[in-house]
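See structure below.
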Amino acid sequence: MTGKFNGLWKLKSNENADELMARLGTNAWLRKIANLMDFKVKLSIQDNGFYTCKSITRVRNFKTCCRMGIWFDEECLDGRRTKSIIKYEDGMLIQIQKWKGKQTYTTAIINDNDEMVAVIKYEDIVCRRTFKRLRDKIAIEDNPGSAV
């Protein structure tokens with residue numbers, strides 16, 4: 001069932017993103033750039049549990065690869081270094097990021113309109129990001145975990 005997340009996604013709406021980034025400590029200049037970016041995400045989740053997420057912007061591309069269900073070290077787009085886990089439960093992708101006694105909790109679902117809706121919670125802030133699917137299939141060669 002995780003394959004339903006596979007594809008290329010374009011950010012359609014980003015509610016409370018600026019508030020979230022400010023609370024996370026992202027400086028005003030980076031927040032302004034982030035809010036103006038044409039942001040796309042390319043997801044690939046293989047049957048063997050290998051997860052790849054490529055964040056694509058005009059300014060910087062970023063890639064996260066891991067085995068689902070296993071904690072890993074992550075460097076975030078905003079510069080935070082976290083211990084993170086990505087897992088699939090009850091039809092949702094779940095990501096937990098922990099750093100310096102703090103934590104974000106993100107859930108993502110595919111809604112009835114074939115949009116990916118990600119909800120990021122940090123302290124009392126809730127950010128809702130909605131993505132439109134641009135393309136379904138991701139080539140296996142795009143995912144370095146295919147050989148694992």
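Identifiers for the structure tokens are assigned positionally: chains receive A, B, ... in sequence, residues are indexed from 1 per chain, and ligands are indexed from 1 in the order shown.
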Checklist entry - Which neighbours of Leu11 of chain A fall inside 10 Å, counting only C-alpha atoms, when residues of the same chain fewer than 4 positions from it are skipped, and could you give them as a list in words? => result Met37, Asp38, Phe39, Lys40, Val41, Glu115, Met116, Val117, Arg129, Thr130, Phe131, Lys132 and Arg133 of chain A
Can I get the selection written as a PDB file, in the first residue's frame, with C-alpha atoms?
```pdb
ATOM      1  CA  MET A  37       9.812  28.493  -4.063  1.00  0.00           C
ATOM      2  CA  ASP A  38       8.256  26.207  -6.629  1.00  0.00           C
ATOM      3  CA  PHE A  39       8.537  23.092  -4.463  1.00  0.00           C
ATOM      4  CA  LYS A  40       8.260  19.517  -5.718  1.00  0.00           C
ATOM      5  CA  VAL A  41       8.773  16.189  -3.976  1.00  0.00           C
ATOM      6  CA  GLU A 115      -3.622  14.692  -3.388  1.00  0.00           C
ATOM      7  CA  MET A 116      -0.993  14.040  -0.749  1.00  0.00           C
ATOM      8  CA  VAL A 117      -1.822  15.901   2.446  1.00  0.00           C
ATOM      9  CA  ARG A 129       0.835  20.955   3.150  1.00  0.00           C
ATOM     10  CA  THR A 130      -1.172  19.744   0.160  1.00  0.00           C
ATOM     11  CA  PHE A 131       0.554  18.330  -2.919  1.00  0.00           C
ATOM     12  CA  LYS A 132      -0.854  17.669  -6.389  1.00  0.00           C
ATOM     13  CA  ARG A 133       0.360  14.520  -8.162  1.00  0.00           C
TER      14      ARG A 133
END
```
Item to check | Within 12 Å of Asn16 of chain A using only C-alpha atoms, minus same-chain residues under 2 positions, as a list of chain:residue names | outcome: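 The filter keeps A:Ser13, A:Asn14, A:Asp18, A:Glu19, A:Leu20, A:Met21, A:Ala22, A:Arg23, A:Arg31, A:Asn35, A:Val119, A:Ile120, A:Lys121, A:Tyr122, A:Asp124, A:Ile125, A:Val126, A:Cys127, A:Arg128, A:Arg129, A:Thr130.
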Item to check | For Glu75 of chain A: contacts at 10 Å, only C-alpha atoms, fewer than 6 positions along chain excluded, given as an MDAnalysis selection string | outcome: chainID A and resid 62:64 81:84
Checklist entry - Do you know which residues are at most 10 Å from Ala34 of chain A counting only C-alpha atoms, after dropping those on the same chain fewer than 5 positions away, and could you put them as a list of chain:residue names? => result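 Using only C-alpha atoms, the neighbours found are A:Ala17, A:Asp18, A:Met21, A:Ala28, A:Trp29, A:Phe39, A:Thr57, A:Val59, A:Leu77, A:Asp78.
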Next on the checklist: Which residue is closest to Arg135 of chain A? Choose from A:Leu36, A:Ile96, A:Ile56, A:Leu43 and count only C-alpha atoms.
Outcome noted: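 Nearest to Arg135 of chain A: A:Leu43.
Minimum atom-to-atom distance to Thr26 of chain A, evaluated using only C-alpha atoms, belongs to A:Cys76 out of A:Thr104, A:Asn113, A:Asn6, A:Cys76.
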Checklist entry - Which is closest to Lys4 of chain A among A:Gln95, A:Thr106, A:Asn111, A:Asn48, if we use only C-alpha atoms? => result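 The shortest atom-to-atom distance to Lys4 of chain A comes from A:Asn111.
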Checklist entry - When DSSP works through the backbone of this structure, what residues of chain A end up as strand (DSSP E or B), shown as a VMD selection string? => result chain A and resid 7 to 15 40 to 45 50 to 56 62 to 67 72 to 75 81 to 89 92 to 99 102 to 110 115 to 122 125 to 135
Next on the checklist: When you look at Glu89 of chain A with a cut-off of 10 Å (counting only C-alpha atoms), what residues show up, excluding the ones that are within fewer than 3 positions of it in the same chain? I need them as a PyMOL selection string.
Outcome noted: chain A and resi 2+86+92-94+107
May I have the selected residues written with C-alpha atoms, as a PDB file, in the first residue's frame?
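Here's the written file result-v3.pdb:
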```pdb
ATOM      1  CA  THR A   2       2.933   2.388   0.413  1.00  0.00           C
ATOM      2  CA  ILE A  86       9.738   7.122   8.718  1.00  0.00           C
ATOM      3  CA  MET A  92      -0.375   6.922   6.575  1.00  0.00           C
ATOM      4  CA  LEU A  93       3.276   7.755   6.192  1.00  0.00           C
ATOM      5  CA  ILE A  94       4.573   8.949   9.552  1.00  0.00           C
ATOM      6  CA  THR A 107       1.585  12.348   8.926  1.00  0.00           C
TER       7      THR A 107
END
```
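In this model, the gap between atom CA of Leu24 of chain A and atom CA of Arg58 of chain A comes to 22.5 Å.
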Checklist entry - What lies within 9 Å of Gly69 of chain A using only C-alpha atoms, ignoring chain neighbours under 6 positions off, as a PyMOL selection string? => result chain A and resi 49+85-88
Next on the checklist: Based on the backbone DSSP call, show me all residues of segment 1-144 of chain A assigned alpha helix (DSSP H), as a list of chain:residue names.
Outcome noted: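 Of segment 1-144 of chain A, the ones in alpha helix (DSSP H) are A:Ala17, A:Asp18, A:Glu19, A:Leu20, A:Met21, A:Ala22, A:Arg23, A:Leu24, A:Ala28, A:Trp29, A:Leu30, A:Arg31, A:Lys32, A:Ile33, A:Ala34, A:Asn35, A:Leu36.
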Item to check | Pick from A:Gly3, A:Phe72, A:Leu30, A:Glu15, whichever lies nearest to Ile45 of chain A using only C-alpha atoms | outcome: A:Gly3
Checklist entry - If you measure from atom CA of Leu134 of chain A to atom CA of Ala118 of chain A, what distance in Å do you get, rounded to one decimal? => result 16.4 Å
Item to check | Atomic distance atom CA of Gln46 of chain A - atom CA of Tyr105 of chain A, expressed in Å with one decimal | outcome: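 Atom-to-atom, atom CA of Gln46 of chain A to atom CA of Tyr105 of chain A, that is 22.6 Å.
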